[in-house]
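Listing of structure23.txt; format and content: compact mmCIF, C-alpha atoms and all ligand atoms.
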```txt
# COMPACT_ATOMS: atom_id res chain seq x y z
CA MET R 230 -20.04 -5.60 4.31
CA SER R 231 -16.76 -4.95 6.08
CA ARG R 232 -13.62 -5.08 3.96
CA LEU R 233 -9.91 -4.47 3.95
CA GLU R 234 -9.12 -2.03 1.18
CA VAL R 235 -5.56 -2.47 -0.09
CA ASP R 236 -4.03 0.33 -2.15
CA LEU R 237 -1.52 -1.38 -4.43
CA GLY R 238 -0.35 1.96 -5.78
CA ARG R 239 0.54 2.97 -2.24
CA ILE R 240 2.58 -0.20 -1.77
CA ARG R 241 4.41 0.51 -5.03
CA ALA R 242 5.10 4.08 -3.90
CA ASN R 243 6.42 2.80 -0.56
CA VAL R 244 8.67 0.39 -2.45
CA GLU R 245 10.00 3.21 -4.63
CA ALA R 246 10.79 5.38 -1.60
CA LEU R 247 12.54 2.56 0.24
CA ARG R 248 14.48 1.46 -2.81
CA ALA R 249 15.78 4.96 -3.34
CA ARG R 250 16.84 5.08 0.28
CA ILE R 251 18.78 1.79 0.29
CA ALA R 252 20.32 1.88 -3.20
CA PRO R 253 22.58 0.31 -4.31
CA ALA R 254 21.41 -2.47 -1.97
CA GLU R 255 18.52 -4.48 -3.37
CA TYR R 256 15.05 -4.85 -1.91
CA LEU R 257 13.77 -8.26 -0.85
CA PHE R 258 10.00 -7.94 -0.37
CA VAL R 259 8.76 -10.09 2.53
CA VAL R 260 5.38 -11.74 1.94
CA LYS R 261 4.96 -13.98 4.99
CA ASP R 262 1.54 -14.22 6.68
CA ASP R 263 -0.34 -13.65 3.42
CA ALA R 264 1.69 -10.52 2.74
CA TYR R 265 1.12 -9.21 6.28
CA GLY R 266 -2.61 -9.80 5.82
CA HIS R 267 -2.86 -7.73 2.63
CA GLY R 268 -3.36 -10.66 0.22
CA LEU R 269 -0.24 -12.27 -1.22
CA GLU R 270 -1.09 -12.84 -4.87
CA ARG R 271 -2.12 -9.32 -5.82
CA VAL R 272 0.64 -7.72 -3.77
CA VAL R 273 3.34 -9.90 -5.35
CA ALA R 274 2.14 -9.16 -8.88
CA ALA R 275 2.00 -5.43 -8.16
CA VAL R 276 5.48 -5.08 -6.72
CA ARG R 277 7.00 -7.39 -9.33
CA ASP R 278 5.66 -4.97 -11.93
CA ALA R 279 7.35 -2.19 -9.95
CA GLY R 280 10.67 -3.99 -10.40
CA ILE R 281 11.05 -6.05 -7.23
CA SER R 282 13.26 -9.02 -8.08
CA TRP R 283 13.54 -10.73 -4.67
CA PHE R 284 10.74 -12.06 -2.47
CA GLY R 285 10.98 -13.60 1.00
CA ALA R 286 8.73 -16.13 2.72
CA VAL R 287 9.17 -18.06 5.92
CA ASP R 288 7.66 -21.37 4.84
CA VAL R 289 7.81 -23.23 1.55
CA PRO R 290 4.04 -23.19 0.82
CA THR R 291 4.12 -19.39 0.97
CA ALA R 292 7.19 -19.33 -1.27
CA LEU R 293 5.38 -21.52 -3.80
CA ARG R 294 2.41 -19.14 -3.80
CA ALA R 295 4.83 -16.29 -4.41
CA ARG R 296 6.44 -18.22 -7.27
CA THR R 297 3.05 -18.76 -8.93
CA ALA R 298 2.16 -15.09 -8.52
CA ALA R 299 5.56 -13.69 -9.52
CA GLY R 300 6.36 -15.94 -12.45
CA PRO R 301 9.71 -17.59 -13.17
CA GLN R 302 12.00 -14.55 -13.06
CA PRO R 303 12.26 -13.22 -9.49
CA ARG R 304 14.39 -14.88 -6.83
CA ILE R 305 12.35 -16.22 -3.93
CA LEU R 306 13.87 -17.10 -0.56
CA ALA R 307 12.24 -19.40 2.04
CA TRP R 308 13.99 -19.74 5.37
CA SER R 309 12.17 -22.10 7.71
CA THR R 310 13.76 -25.42 8.62
CA THR R 311 11.43 -27.99 7.12
CA THR R 312 10.96 -31.53 5.83
CA ALA R 313 12.71 -33.19 2.91
CA ALA R 314 9.42 -33.23 0.99
CA ARG R 315 9.04 -29.47 1.37
CA VAL R 316 12.67 -28.91 0.41
CA ALA R 317 12.09 -30.94 -2.75
CA GLU R 318 9.08 -28.79 -3.64
CA ALA R 319 11.11 -25.63 -3.07
CA ILE R 320 14.00 -26.79 -5.26
CA ALA R 321 11.61 -27.85 -8.01
CA ALA R 322 10.12 -24.33 -7.96
CA ASP R 323 13.57 -22.72 -8.09
CA VAL R 324 13.25 -21.29 -4.57
CA ASP R 325 16.40 -20.29 -2.66
CA LEU R 326 16.67 -21.82 0.79
CA GLY R 327 17.81 -20.15 3.98
CA VAL R 328 19.70 -22.76 6.03
CA GLY R 329 20.57 -22.13 9.68
CA ASP R 330 21.05 -25.64 10.94
CA ALA R 331 23.67 -28.32 10.16
CA ASP R 332 21.13 -31.15 9.88
CA HIS R 333 18.97 -29.11 7.58
CA LEU R 334 21.97 -28.49 5.33
CA GLU R 335 22.37 -32.28 5.01
CA THR R 336 18.66 -32.63 4.19
CA VAL R 337 18.91 -30.00 1.47
CA ALA R 338 22.03 -31.59 -0.02
CA ALA R 339 20.49 -35.08 0.03
CA VAL R 340 17.28 -33.90 -1.63
CA SER R 341 18.90 -31.71 -4.26
CA GLY R 342 20.69 -34.54 -6.03
CA ASP R 343 22.45 -32.77 -8.88
CA ARG R 344 20.18 -29.72 -8.95
CA ARG R 345 22.60 -27.58 -6.91
CA ALA R 346 20.10 -26.09 -4.48
CA ARG R 347 20.82 -22.39 -3.92
CA VAL R 348 21.37 -21.88 -0.19
CA HIS R 349 21.89 -18.87 2.08
CA LEU R 350 23.75 -19.88 5.25
CA LYS R 351 22.42 -18.27 8.41
CA ILE R 352 24.57 -17.27 11.36
CA ASP R 353 22.97 -16.59 14.74
CA THR R 354 24.29 -13.15 15.58
CA GLY R 355 22.58 -12.94 18.95
CA LEU R 356 18.83 -13.21 18.49
CA HIS R 357 18.90 -16.93 19.36
CA ARG R 358 15.80 -17.69 17.31
CA SER R 359 17.53 -19.63 14.56
CA GLY R 360 20.86 -19.79 12.81
CA VAL R 361 24.15 -21.57 13.44
CA ARG R 362 25.91 -20.41 16.62
CA PRO R 363 29.27 -18.67 16.11
CA GLU R 364 31.10 -21.50 17.88
CA ASP R 365 29.72 -23.99 15.33
CA TRP R 366 30.09 -21.76 12.29
CA ASN R 367 33.54 -22.82 11.07
CA ARG R 368 32.51 -26.48 10.98
CA PHE R 369 29.26 -25.54 9.23
CA VAL R 370 30.88 -23.53 6.45
CA ALA R 371 33.56 -26.21 5.96
CA ARG R 372 30.82 -28.79 5.44
CA ALA R 373 28.96 -26.43 3.09
CA ALA R 374 32.14 -26.04 1.04
CA GLU R 375 32.41 -29.84 0.75
CA LEU R 376 28.81 -30.12 -0.37
CA GLU R 377 29.34 -27.31 -2.86
CA ALA R 378 32.39 -29.08 -4.28
CA SER R 379 30.31 -32.26 -4.63
CA GLY R 380 27.71 -30.37 -6.68
CA ALA R 381 24.84 -30.70 -4.20
CA VAL R 382 24.49 -27.03 -3.24
CA ASP R 383 25.48 -23.56 -4.34
CA VAL R 384 26.19 -21.28 -1.40
CA VAL R 385 24.87 -17.99 -2.78
CA GLY R 386 24.36 -16.07 0.44
CA VAL R 387 25.31 -15.52 4.08
CA TRP R 388 22.70 -13.88 6.27
CA SER R 389 21.35 -13.20 9.74
CA HIS R 390 18.50 -11.42 11.48
CA ILE R 391 19.08 -8.71 14.08
CA ALA R 392 17.02 -7.75 17.08
CA GLU R 393 16.51 -4.02 16.39
CA THR R 394 16.17 -3.49 20.13
CA SER R 395 19.22 -1.33 20.72
CA ASP R 396 21.99 0.15 18.60
CA ALA R 397 24.62 -1.49 20.81
CA ASP R 398 23.12 -4.98 20.35
CA ASP R 399 22.78 -4.42 16.63
CA ASP R 400 26.40 -3.25 16.39
CA ALA R 401 27.53 -6.38 18.24
CA SER R 402 25.49 -8.53 15.84
CA HIS R 403 26.97 -6.71 12.89
CA ALA R 404 30.49 -7.50 14.09
CA VAL R 405 29.64 -11.20 14.48
CA PHE R 406 28.14 -11.15 11.00
CA GLY R 407 31.29 -9.67 9.49
CA GLU R 408 33.39 -12.41 11.07
CA ALA R 409 31.00 -15.06 9.76
CA VAL R 410 31.28 -13.76 6.20
CA ALA R 411 35.07 -13.73 6.47
CA ALA R 412 35.05 -17.31 7.77
CA ALA R 413 32.83 -18.43 4.90
CA ARG R 414 35.27 -16.91 2.42
CA ALA R 415 38.19 -18.49 4.20
CA ALA R 416 36.42 -21.85 3.80
CA GLY R 417 36.41 -21.27 0.04
CA LEU R 418 32.80 -20.12 -0.33
CA ARG R 419 31.91 -17.19 -2.58
CA PRO R 420 28.50 -15.97 -1.40
CA ASP R 421 27.19 -13.23 -3.71
CA VAL R 422 24.62 -11.78 -1.35
CA GLN R 423 25.00 -10.80 2.27
CA HIS R 424 21.90 -9.73 4.14
CA LEU R 425 21.29 -8.82 7.73
CA ALA R 426 18.62 -6.21 8.23
CA ALA R 427 14.83 -5.95 8.20
CA SER R 428 12.85 -2.70 8.00
CA ALA R 429 13.87 -0.61 10.97
CA ALA R 430 17.59 -1.32 11.09
CA ALA R 431 18.04 -0.97 7.33
CA TYR R 432 16.08 2.26 7.23
CA ALA R 433 18.13 3.84 9.96
CA ARG R 434 21.58 2.35 9.46
CA PRO R 435 23.26 2.34 6.03
CA GLU R 436 26.04 0.04 7.21
CA PHE R 437 23.48 -2.73 7.85
CA ARG R 438 22.15 -2.83 4.29
CA HIS R 439 24.85 -4.92 2.62
CA ASP R 440 23.59 -6.42 -0.68
CA LEU R 441 19.98 -7.00 0.20
CA VAL R 442 17.47 -5.64 2.71
CA ARG R 443 14.57 -7.84 3.80
CA PHE R 444 11.77 -5.28 4.11
CA GLY R 445 8.47 -6.50 5.51
CA ALA R 446 6.49 -3.97 7.54
CA PHE R 447 7.76 -0.74 5.96
CA GLY R 448 6.80 -1.80 2.41
CA TYR R 449 3.19 -2.03 3.57
CA GLY R 450 3.52 1.34 5.28
CA ILE R 451 3.56 -0.14 8.77
CA ARG R 452 6.03 1.92 10.80
CA SER R 453 7.70 0.55 13.92
CA ALA R 454 5.84 0.82 17.22
CA ASP R 455 7.18 3.93 18.99
CA GLY R 456 9.27 4.55 15.88
CA PRO R 457 9.53 7.69 13.76
CA ASP R 458 7.32 8.62 10.83
CA LEU R 459 8.88 7.48 7.59
CA HIS R 460 9.64 9.77 4.72
CA GLY R 461 7.46 8.97 1.69
CA ILE R 462 5.85 5.93 3.33
CA ALA R 463 2.17 5.56 4.28
CA PRO R 464 -0.16 2.70 5.22
CA ALA R 465 -1.63 0.80 2.28
CA ALA R 466 -4.49 -0.98 4.05
CA THR R 467 -7.72 0.52 5.41
CA LEU R 468 -10.09 -1.62 7.45
CA LEU R 469 -13.63 -0.40 6.72
CA ALA R 470 -16.87 -1.36 8.45
CA PRO R 471 -20.42 -0.13 7.73
CA VAL R 472 -22.71 1.40 10.32
CA VAL R 473 -25.55 -1.05 10.89
CA ARG R 474 -27.46 0.77 13.67
CA LEU R 475 -27.71 4.15 15.34
CA ASP R 476 -28.90 4.68 18.92
CA ASP R 477 -28.67 8.15 20.42
CA ASP R 478 -24.99 8.94 20.43
CA VAL R 479 -23.66 5.53 19.41
CA ALA R 480 -23.04 4.12 15.94
CA THR R 481 -22.76 0.34 15.78
CA ILE R 482 -20.46 -1.08 13.10
CA ALA R 483 -20.37 -4.59 11.64
CA LEU R 484 -16.94 -5.58 12.87
CA GLY R 485 -15.86 -7.23 16.08
CA ALA R 486 -13.42 -9.42 17.90
CA LEU R 487 -14.25 -12.45 15.75
CA ASP R 488 -13.13 -10.44 12.72
CA GLY R 489 -9.77 -9.90 14.40
CA LEU R 490 -10.30 -6.55 16.13
CA PRO R 491 -8.65 -6.83 19.56
CA SER R 492 -11.34 -6.15 22.16
CA ILE R 493 -8.87 -4.38 24.46
CA LEU R 494 -8.76 -1.51 21.95
CA ALA R 495 -12.13 -0.36 23.31
CA GLY R 496 -11.85 3.08 24.90
CA ARG R 497 -8.25 3.47 23.79
CA VAL R 498 -8.27 4.53 20.15
CA ALA R 499 -10.05 6.78 17.72
CA VAL R 500 -11.45 5.47 14.46
CA GLY R 501 -12.23 7.46 11.31
CA THR R 502 -15.79 8.46 10.43
CA PRO R 503 -17.43 10.81 7.91
CA GLY R 504 -17.51 13.27 10.83
CA GLY R 505 -13.81 12.81 11.64
CA ALA R 506 -12.06 10.95 14.44
CA ARG R 507 -14.36 9.32 17.03
CA MET R 508 -13.66 7.09 20.03
CA LEU R 509 -14.08 3.34 19.69
CA ARG R 510 -16.28 2.68 22.73
CA SER R 511 -16.63 -1.06 22.86
CA VAL R 512 -15.80 -4.17 20.86
CA GLY R 513 -18.22 -7.08 20.87
CA PRO R 514 -17.89 -10.42 19.14
CA VAL R 515 -19.32 -9.30 15.80
CA GLU R 516 -20.16 -5.62 16.28
CA SER R 517 -18.50 -2.61 17.86
CA ALA R 518 -19.71 0.75 19.10
CA VAL R 519 -18.32 4.11 18.04
CA ASP R 520 -19.24 7.61 19.27
CA ALA R 521 -21.69 8.96 16.71
CA TRP R 522 -21.16 12.15 14.66
CA PRO R 523 -23.61 14.74 13.36
CA GLY R 524 -25.52 13.41 10.37
CA ALA R 525 -24.47 9.80 10.91
CA SER R 526 -26.55 7.29 8.95
CA VAL R 527 -26.84 3.57 8.57
CA GLY R 528 -24.56 2.47 5.73
CA ASP R 529 -21.86 5.09 6.43
CA GLU R 530 -18.40 3.57 6.49
CA VAL R 531 -16.06 3.78 9.45
CA ALA R 532 -12.31 3.31 9.01
CA VAL R 533 -10.99 1.27 11.93
CA PHE R 534 -7.40 1.84 10.87
CA GLY R 535 -5.73 3.22 7.78
CA PRO R 536 -3.67 6.11 6.44
CA GLY R 537 -5.89 8.73 8.13
CA ALA R 538 -8.24 9.99 5.39
CA LEU R 539 -11.26 9.89 7.76
CA GLY R 540 -9.27 10.73 10.87
CA GLU R 541 -8.53 7.10 11.69
CA SER R 542 -5.41 5.94 13.46
CA SER R 543 -2.75 3.86 11.76
CA ALA R 544 -2.48 0.15 12.52
CA THR R 545 0.72 0.97 14.38
CA ALA R 546 -1.06 3.58 16.52
CA LEU R 547 -3.63 0.92 17.44
CA ALA R 548 -0.79 -1.44 18.25
CA GLU R 549 0.91 1.13 20.45
CA ALA R 550 -2.30 1.52 22.48
CA ILE R 551 -2.16 -2.15 23.43
CA ASP R 552 1.60 -2.64 23.50
CA THR R 553 2.11 -4.67 20.36
CA VAL R 554 3.39 -4.04 16.81
CA GLY R 555 1.48 -2.82 13.76
CA GLU R 556 1.87 -6.01 11.75
CA GLU R 557 0.08 -7.87 14.56
CA ILE R 558 -3.02 -5.72 13.96
CA LEU R 559 -2.90 -6.50 10.23
CA VAL R 560 -2.31 -10.23 10.43
CA ARG R 561 -5.17 -10.61 12.91
CA VAL R 562 -7.73 -9.34 10.39
CA SER R 563 -9.77 -12.44 9.60
CA PRO R 564 -9.16 -14.07 6.21
CA LEU R 565 -12.99 -14.02 5.91
CA ILE R 566 -12.90 -10.22 5.60
CA PRO R 567 -12.64 -9.62 1.85
CA ARG R 568 -9.56 -7.84 0.52
CA GLU R 569 -10.43 -5.22 -2.09
CA PHE R 570 -7.67 -3.89 -4.26
CA VAL R 571 -7.42 -0.37 -5.58
CA GLY R 572 -4.60 1.54 -7.27
C1 LIG W 1 9.62 -10.97 9.05
C2 LIG W 1 11.05 -10.96 8.66
C3 LIG W 1 11.62 -9.84 8.03
C4 LIG W 1 10.85 -8.55 7.81
O1 LIG W 1 10.77 -7.85 9.03
P1 LIG W 1 10.11 -6.39 9.11
O2 LIG W 1 10.49 -5.89 10.44
O3 LIG W 1 8.64 -6.62 8.96
O4 LIG W 1 10.67 -5.61 7.99
C5 LIG W 1 12.94 -9.91 7.66
N1 LIG W 1 13.67 -11.02 7.87
C6 LIG W 1 13.16 -12.11 8.49
C7 LIG W 1 14.04 -13.29 8.72
C8 LIG W 1 11.84 -12.12 8.90
O5 LIG W 1 11.33 -13.20 9.50
```
Is it possible to express this structure as C-alpha cells?
Amino acid sequence: MSRLEVDLGRIRANVEALRARIAPAEYLFVVKDDAYGHGLERVVAAVRDAGISWFGAVDVPTALRARTAAGPQPRILAWSTTTAARVAEAIAADVDLGVGDADHLETVAAVSGDRRARVHLKIDTGLHRSGVRPEDWNRFVARAAELEASGAVDVVGVWSHIAETSDADDDASHAVFGEAVAAARAAGLRPDVQHLAASAAAYARPEFRHDLVRFGAFGYGIRSADGPDLHGIAPAATLLAPVVRLDDDVATIALGALDGLPSILAGRVAVGTPGGARMLRSVGPVESAVDAWPGASVGDEVAVFGPGALGESSATALAEAIDTVGEEILVRVSPLIPREFVG
C-alpha cells in the first residue's frame, strides 16, 4: 500500500529552528490545504505541543478544524472573505478574522453583535489578490474605528501579503505597509499585531518579520523553488510506494497520476530506492515505472519524494523539474493515500 509518511518530530524541529531565527517575532503556523497535504489534525496537535500559539487558515471550515485540534488556547486566524453564516461560525469558535474588504467588514460587524469580533485589517501592498487598496485605506480604517467604538469589532491587527518575487517589489510593499499602519493609528486604532511576511521573505529579511510571521511551506520543510537550502530545516513528508512487479530492468510501483503524481515528471527526476537514486521512467494512471536496482524485489519500497534517505529528491526538486512550487507537489497527493505519522 502506498502511503505518505509524515514525521511530526521533523516538523517540530523545523518549527524550533524557524522560531529561533525570527525571535522575538512570533510564529503563525499555516495549515491551509489540510496542512499542505500532511494531515491537519495531527500536525496541529504536534506543533501546539511544541509551543505554537497562532494558527492560520484561509477558509473558516479549516479554521474550525484547527480549533478542534488545537483546543481553546491558541489564536486562530482565517482570512478568506466569506458569508455571514461562516463569519458567525468563526466568531462562535473564537477565530480571528482577516478582513480585506469594506463590505466584508460590515458583514463581520453585523454578525458579531456584541461579541467584539477580533479582526486583522488587510492592506493590498501590491499583490492585487486581496486587501483594501491604499487609496481606499483611510476610509476603511475610519469606518473600522467607528465600528470598534460601537463595540462590534476589536481591531487587533494590520497585515498584508507580499509577492516574494523581487527585493525591490517587497521593499515597495513594505513601505506601503508602514504607511497603512501609521494611518490606522492616526484613525485611533491600536492594532497589537502587524504581519506581512510568509516563509521566504521572513526567513531572508528581518525587517519584514514585525510581530508575527505566517510560515507555511518552511515549517513542513518545503524550501522555495530555486531557493537556498535552509539551515536546520528538512522535509517532513515522504511519499512511499511498494514495488508490485519486476520486469528485466524496470520496477513497477503502485502509484500513479490518479494518486496525484504529475505524469510530466517521467524522465525528469530520480526517486529513492533500496539501491539508491533511480530514474522515474514513466507515470501511468495507477502505476509508474522506475529503473530497477540490483537485488530489487516485489514489496520493496520506493520513495517518490522525501528528505533523501533513499536517494530521493525533495518535493521542491520535483517541482523545479516541472516549473512549479514544492507545496503543489504535496497538496496534489490524493487524500485517499493514507497519512502515517511517526516521530
Ligand atoms: C499560504 C499563505 C502563507 C504561507 O505561505 P508560505 O509561502 O507557504 O510560507 C502566508 N500568508 C498567506 C496570506 C497565505 O495565503
Discussion item. If we count all atoms listed in the file and set the cut-off at 12 Å, which residues sit around R:Lys351, ignoring sequence neighbours fewer than 5 positions away in its own chain? Please answer as a PyMOL selection string.
Written reply: chain R and resi 308-310+326-331+333-334+356-363+365-366+369-370+373+384-391+405-406+409-410+413+420+422-425
Fill in: Env. residues ligand LIG 1 (chain W) / 6 Å / all atoms listed in the file / as a list in words
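What falls inside 6 Å of ligand LIG 1 (chain W) is Val259, His390, Ala427, Ser428, Arg443, Phe444, Gly445 and Ala446 of chain R.
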Can those selected residues be exported to a file as a CSV table (one decimal), in the frame of the given file so that it contains C-alpha atoms?
```
chain,number,residue,atom,x,y,z
R,259,VAL,CA,8.8,-10.1,2.5
R,390,HIS,CA,18.5,-11.4,11.5
R,427,ALA,CA,14.8,-6.0,8.2
R,428,SER,CA,12.8,-2.7,8.0
R,443,ARG,CA,14.6,-7.8,3.8
R,444,PHE,CA,11.8,-5.3,4.1
R,445,GLY,CA,8.5,-6.5,5.5
R,446,ALA,CA,6.5,-4.0,7.5
```
Discussion item. Please compute the atom CA of R:Ala286-atom CA of R:Asp323 distance, one decimal, in Å.
Written reply: 13.6 Å
Discussion item. Please return as a ChimeraX atom specification every residue within 10 Å of (-9.8, 6.5, 9.4), taking into account only C-alpha atoms and the file's own coordinates.
Written reply: /R:467-469,499-503,505-507,530-543
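What separates atom CA of R:Phe284 from atom CA of R:Val340 is a distance of 22.8 Å.
Among R:Leu233, R:Trp283, R:Ala465, R:Thr354, the residue with the shortest atom-to-atom distance to R:Glu408, counting only C-alpha atoms, is R:Thr354.
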Worksheet entry | One-decimal distance in Å that lies between atom CA of R:Asp478 and atom CA of R:Glu516 | 15.9 Å
Discussion item. For R:Val272, find every residue with an atom within 12 Å (counting only C-alpha atoms), except residues of its own chain fewer than 5 positions away, and show them as a PyMOL selection string.
Written reply: chain R and resi 235-241+244+258-261+263-267+277-279+281+284+294-295+298-299+448-449+465-466+568-572
Practice prompt. Tell me, as a ChimeraX atom specification, which residues lie within 12 Å of R:Gly280, counting only C-alpha atoms; anything in the same chain fewer than 4 positions away does not count.
Written response: /R:241-242,244-245,248,255-258,273-276,284,299,302-303
Item to complete: Have a look at R:Ala397, R:Ile352, R:Ala416, R:Ala249 and name the one nearest to R:Ala371; count all atoms listed in the file.
Response: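 Checking each candidate against R:Ala371, we get R:Ala416 as the closest.
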Discussion item. Restricting the calculation to all atoms listed in the file: of R:Arg271, R:His403, R:Arg344, R:Arg510, which residue gets closest to R:Leu494?
Written reply: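 Of the candidates, the smallest distance to R:Leu494 is held by R:Arg510.
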Discussion item. Just checking: using only C-alpha atoms, which residue out of R:Asp353, R:Glu377, R:Asp529, R:Asp262 ends up closest to R:Gly417?
Written reply: R:Glu377
Worksheet item: Looking at R:Thr394, R:Asp400, R:Arg304, R:Ala454, which one is nearest to R:Arg347, with distances taken over all atoms listed in the file?
Response: R:Arg304
Item to complete: Tell me which protein, DNA and RNA residues are within 8 Å of R:Gly496, counting all atoms listed in the file, leaving out same-chain ones fewer than 3 positions away, and put them as an NGL selection string.
Response: :R and (508-511)
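Those DNA, RNA and protein residues that approach the point (16.0, -18.3, -0.9) to within 6 Å, considering all atoms listed in the file, are R:Ile305, R:Leu306, R:Ala307, R:Val324, R:Asp325, R:Leu326, R:Gly327.
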